[in-house]
file my_file.pdb (PDB, C-alpha atoms, pLDDT in the B column)
ATOM      1  CA  ALA A   1     -19.532 -19.530  38.357  1.00 66.00           C
ATOM      2  CA  LYS A   2     -19.979 -22.420  40.708  1.00 78.00           C
ATOM      3  CA  PRO A   3     -16.834 -23.276  42.657  1.00 86.00           C
ATOM      4  CA  GLU A   4     -17.657 -26.978  42.729  1.00 83.00           C
ATOM      5  CA  ARG A   5     -17.279 -27.082  38.924  1.00 88.00           C
ATOM      6  CA  GLY A   6     -13.699 -25.847  39.224  1.00 88.00           C
ATOM      7  CA  VAL A   7     -11.519 -23.601  37.128  1.00 93.00           C
ATOM      8  CA  GLY A   8     -11.657 -26.041  34.216  1.00 94.00           C
ATOM      9  CA  ASP A   9     -15.431 -25.652  33.790  1.00 95.00           C
ATOM     10  CA  PRO A  10     -16.106 -24.652  30.150  1.00 95.00           C
ATOM     11  CA  ALA A  11     -18.367 -21.764  31.192  1.00 94.00           C
ATOM     12  CA  PHE A  12     -15.703 -20.390  33.522  1.00 94.00           C
ATOM     13  CA  GLN A  13     -13.058 -20.855  30.840  1.00 96.00           C
ATOM     14  CA  ALA A  14     -15.234 -18.800  28.472  1.00 96.00           C
ATOM     15  CA  VAL A  15     -15.366 -16.007  31.063  1.00 95.00           C
ATOM     16  CA  LEU A  16     -11.590 -16.177  31.476  1.00 96.00           C
ATOM     17  CA  ALA A  17     -11.096 -15.983  27.706  1.00 97.00           C
ATOM     18  CA  ALA A  18     -13.358 -12.924  27.457  1.00 97.00           C
ATOM     19  CA  LEU A  19     -11.565 -11.366  30.420  1.00 97.00           C
ATOM     20  CA  ARG A  20      -8.139 -12.017  28.901  1.00 97.00           C
ATOM     21  CA  GLY A  21      -9.300 -10.385  25.686  1.00 97.00           C
ATOM     22  CA  GLY A  22     -10.493  -7.306  27.554  1.00 95.00           C
ATOM     23  CA  GLY A  23     -14.068  -7.686  26.348  1.00 91.00           C
ATOM     24  CA  VAL A  24     -15.652  -7.916  29.779  1.00 96.00           C
ATOM     25  CA  TRP A  25     -15.295  -6.536  33.272  1.00 97.00           C
ATOM     26  CA  VAL A  26     -15.686  -8.919  36.212  1.00 96.00           C
ATOM     27  CA  LYS A  27     -16.660  -8.012  39.768  1.00 95.00           C
ATOM     28  CA  LEU A  28     -14.945 -10.145  42.383  1.00 94.00           C
ATOM     29  CA  THR A  29     -17.646 -11.047  44.896  1.00 90.00           C
ATOM     30  CA  LEU A  30     -17.303 -14.128  47.040  1.00 82.00           C
ATOM     31  CA  CYS A  31     -20.426 -14.280  49.128  1.00 81.00           C
ATOM     32  CA  ARG A  32     -22.819 -15.146  46.282  1.00 78.00           C
ATOM     33  CA  VAL A  33     -20.875 -18.054  44.797  1.00 80.00           C
ATOM     34  CA  SER A  34     -19.218 -19.718  47.765  1.00 87.00           C
ATOM     35  CA  THR A  35     -20.758 -22.234  50.100  1.00 84.00           C
ATOM     36  CA  GLN A  36     -17.804 -22.050  52.502  1.00 91.00           C
ATOM     37  CA  ALA A  37     -18.233 -18.754  54.348  1.00 88.00           C
ATOM     38  CA  PRO A  38     -16.483 -17.028  56.006  1.00 90.00           C
ATOM     39  CA  ASP A  39     -13.159 -18.164  54.488  1.00 92.00           C
ATOM     40  CA  TYR A  40     -14.578 -18.916  51.014  1.00 93.00           C
ATOM     41  CA  ALA A  41     -11.876 -21.484  50.286  1.00 94.00           C
ATOM     42  CA  ASP A  42     -13.953 -23.035  47.503  1.00 94.00           C
ATOM     43  CA  ALA A  43     -13.946 -19.710  45.607  1.00 93.00           C
ATOM     44  CA  ARG A  44     -10.200 -19.071  45.953  1.00 95.00           C
ATOM     45  CA  PRO A  45      -9.132 -20.943  42.797  1.00 95.00           C
ATOM     46  CA  LEU A  46     -11.716 -19.036  40.730  1.00 95.00           C
ATOM     47  CA  HIS A  47     -10.661 -15.732  42.276  1.00 96.00           C
ATOM     48  CA  ASP A  48      -6.983 -16.397  41.624  1.00 97.00           C
ATOM     49  CA  ALA A  49      -7.645 -17.425  38.013  1.00 97.00           C
ATOM     50  CA  LEU A  50      -9.562 -14.190  37.403  1.00 97.00           C
ATOM     51  CA  VAL A  51      -6.813 -12.051  38.943  1.00 98.00           C
ATOM     52  CA  HIS A  52      -4.193 -13.874  36.891  1.00 97.00           C
ATOM     53  CA  ALA A  53      -6.195 -13.605  33.648  1.00 97.00           C
ATOM     54  CA  ASN A  54      -6.493  -9.798  33.526  1.00 98.00           C
ATOM     55  CA  PRO A  55      -6.442  -7.655  36.672  1.00 97.00           C
ATOM     56  CA  GLN A  56      -6.983  -4.537  34.524  1.00 97.00           C
ATOM     57  CA  GLN A  57     -10.604  -5.599  33.992  1.00 98.00           C
ATOM     58  CA  LEU A  58     -11.518  -6.514  37.573  1.00 98.00           C
ATOM     59  CA  LEU A  59     -13.496  -4.723  40.262  1.00 97.00           C
ATOM     60  CA  TRP A  60     -13.926  -5.743  43.875  1.00 96.00           C
ATOM     61  CA  GLY A  61     -17.305  -5.779  45.533  1.00 91.00           C
ATOM     62  CA  SER A  62     -18.725  -6.751  48.876  1.00 88.00           C
ATOM     63  CA  ASP A  63     -22.099  -7.254  47.143  1.00 85.00           C
ATOM     64  CA  TRP A  64     -23.853  -5.182  49.802  1.00 83.00           C
ATOM     65  CA  PRO A  65     -26.757  -4.902  50.438  1.00 82.00           C
ATOM     66  CA  TYR A  66     -27.069  -8.578  51.150  1.00 77.00           C
ATOM     67  CA  VAL A  67     -30.545  -9.100  49.766  1.00 80.00           C
ATOM     68  CA  ARG A  68     -32.072 -12.537  50.399  1.00 81.00           C
ATOM     69  CA  MET A  69     -29.033 -13.723  52.365  1.00 75.00           C
ATOM     70  CA  ASP A  70     -30.560 -13.413  55.847  1.00 78.00           C
ATOM     71  CA  ASP A  71     -28.266 -15.093  58.394  1.00 79.00           C
ATOM     72  CA  LYS A  72     -25.690 -15.870  55.676  1.00 79.00           C
ATOM     73  CA  SER A  73     -24.887 -12.171  55.205  1.00 83.00           C
ATOM     74  CA  PRO A  74     -21.123 -11.650  55.379  1.00 88.00           C
ATOM     75  CA  ASP A  75     -19.143  -9.019  57.228  1.00 89.00           C
ATOM     76  CA  ALA A  76     -17.971  -6.547  54.552  1.00 90.00           C
ATOM     77  CA  GLY A  77     -14.843  -5.720  56.535  1.00 92.00           C
ATOM     78  CA  ALA A  78     -13.916  -9.389  56.716  1.00 92.00           C
ATOM     79  CA  LEU A  79     -14.433  -9.689  52.947  1.00 93.00           C
ATOM     80  CA  LEU A  80     -12.081  -6.776  52.349  1.00 95.00           C
ATOM     81  CA  ASP A  81      -9.531  -8.263  54.739  1.00 96.00           C
ATOM     82  CA  LEU A  82      -9.741 -11.529  52.829  1.00 95.00           C
ATOM     83  CA  PHE A  83      -9.210  -9.669  49.539  1.00 96.00           C
ATOM     84  CA  HIS A  84      -6.056  -8.117  51.024  1.00 96.00           C
ATOM     85  CA  ASP A  85      -4.831 -11.577  52.004  1.00 97.00           C
ATOM     86  CA  TRP A  86      -5.561 -13.051  48.575  1.00 97.00           C
ATOM     87  CA  VAL A  87      -4.069 -10.115  46.661  1.00 97.00           C
ATOM     88  CA  PRO A  88      -0.952  -9.209  48.662  1.00 97.00           C
ATOM     89  CA  ASP A  89       0.448  -6.849  46.004  1.00 97.00           C
ATOM     90  CA  ALA A  90      -0.546  -3.303  47.035  1.00 97.00           C
ATOM     91  CA  VAL A  91      -0.290  -1.953  43.476  1.00 97.00           C
ATOM     92  CA  LEU A  92      -2.607  -4.664  42.187  1.00 97.00           C
ATOM     93  CA  ARG A  93      -5.084  -4.011  45.013  1.00 97.00           C
ATOM     94  CA  GLN A  94      -5.047  -0.299  44.173  1.00 97.00           C
ATOM     95  CA  ARG A  95      -5.813  -1.148  40.552  1.00 97.00           C
ATOM     96  CA  ILE A  96      -8.751  -3.425  41.427  1.00 97.00           C
ATOM     97  CA  LEU A  97     -10.178  -1.308  44.256  1.00 96.00           C
ATOM     98  CA  VAL A  98      -9.629   2.213  42.906  1.00 96.00           C
ATOM     99  CA  ASP A  99      -8.151   2.594  39.430  1.00 96.00           C
ATOM    100  CA  ASN A 100     -10.347   0.105  37.566  1.00 97.00           C
ATOM    101  CA  PRO A 101     -13.656   1.416  38.938  1.00 96.00           C
ATOM    102  CA  ALA A 102     -12.538   4.964  38.118  1.00 96.00           C
ATOM    103  CA  ALA A 103     -11.758   3.924  34.537  1.00 95.00           C
ATOM    104  CA  LEU A 104     -14.938   1.886  34.041  1.00 95.00           C
ATOM    105  CA  TYR A 105     -17.320   4.436  35.529  1.00 94.00           C
ATOM    106  CA  GLY A 106     -15.491   7.535  34.303  1.00 94.00           C
ATOM    107  CA  PHE A 107     -14.811   8.996  37.747  1.00 90.00           C
ATOM    108  CA  PRO A 108     -12.828  12.231  37.551  1.00 84.00           C
ATOM    109  CA  ASP A 109      -9.122  11.967  38.321  1.00 74.00           C
ATOM    110  CA  THR A 110      -8.777  13.202  41.884  1.00 63.00           C
ATOM    111  CA  GLU A 111      -5.157  14.236  41.275  1.00 64.00           C
ATOM    112  CA  ASP A 112      -6.356  16.730  38.646  1.00 58.00           C
ATOM    113  CA  GLN A 113      -8.644  18.346  41.225  1.00 56.00           C
ATOM    114  CA  ALA A 114      -5.928  19.003  43.794  1.00 53.00           C
TER     115      ALA A 114
END
call {"tool": "encode", "arguments": {"input": "my_file.pdb", "output": "structure tokens"}}
result
Amino acid sequence: AKPERGVGDPAFQAVLAALRGGGVWVKLTLCRVSTQAPDYADARPLHDALVHANPQQLLWGSDWPYVRMDDKSPDAGALLDLFHDWVPDAVLRQRILVDNPAALYGFPDTEDQA
């Protein structure tokens, strides 16, 4: 998605529809789509629309290693801090950061191993 096209872009709307229907997983990565590092304000509306559409099908990613980004490589810690700012609900962050990847990739339940 290209932030300059906005949330109303037909291609982005198609992604949102597929996400709402549960047919796709989406990785939230800012550094590849935004032209406004390090705050990525142009990507915020897209990010928020994805989170609102279906947080059960989202993953977060720093997109490391930053291949072909050279001096535009972001600070992964700053990206995670920004994610915490944009998703203030701790339960929702847990879902996107931990629970969803575990479900998608079939990670064993760590509670069962205790």
call {"tool": "residues_around", "arguments": {"input": "my_file.pdb", "residues": "Val24 in chain A", "least_positions_apart": "2", "cutoff": "9 Å", "atoms": "all atoms listed in the file", "output": "ChimeraX atom specification"}}
result
/A:15,18-22,26,57-58
call {"tool": "atom_distance", "arguments": {"input": "my_file.pdb", "atom1": "CA of Ala78 in chain A", "atom2": "CA of Ala37 in chain A"}}
result
10.6 Å
call {"tool": "resolve_selection", "arguments": {"input": "my_file.pdb", "expression": "the PyMOL selection byres ((chain A and resi 101) around 12)", "output": "NGL selection string"}}
result
:A and (25-27 or 55-61 or 93-100 or 102-109)
call {"tool": "resolve_selection", "arguments": {"input": "my_file.pdb", "expression": "the PyMOL selection byres ((chain A and resi 79) around 10)", "output": "number ranges by chain"}}
result
A: 29-31, 37-40, 60-63, 74-78, 80-85
call {"tool": "atom_distance", "arguments": {"input": "my_file.pdb", "atom1": "CA of Phe12 in chain A", "atom2": "CA of Lys72 in chain A"}}
result
24.7 Å
call {"tool": "resolve_selection", "arguments": {"input": "my_file.pdb", "expression": "the PyMOL selection byres ((chain A and resi 44-50) around 8)", "output": "VMD selection string"}}
result
chain A and resid 3 6 to 7 16 19 28 40 to 43 51 to 55 58 86
call {"tool": "atom_distance", "arguments": {"input": "my_file.pdb", "atom1": "CA of Gln36 in chain A", "atom2": "CA of Met69 in chain A"}}
result
14.0 Å
call {"tool": "residues_around", "arguments": {"input": "my_file.pdb", "residues": "Lys2 in chain A", "least_positions_apart": "3", "cutoff": "8 Å", "atoms": "all atoms listed in the file", "output": "list of chain:residue names"}}
result
A:Arg5, A:Gly6, A:Val33, A:Ser34
call {"tool": "axis_aligned_box", "arguments": {"input": "my_file.pdb", "around": "range 31-41 of chain A", "padding_each_side": "3 Å", "output": "AutoDock Vina command-line options"}}
result
--center_x -17.3 --center_y -18.3 --center_z 50.4 --size_x 16.9 --size_y 14.0 --size_z 17.2
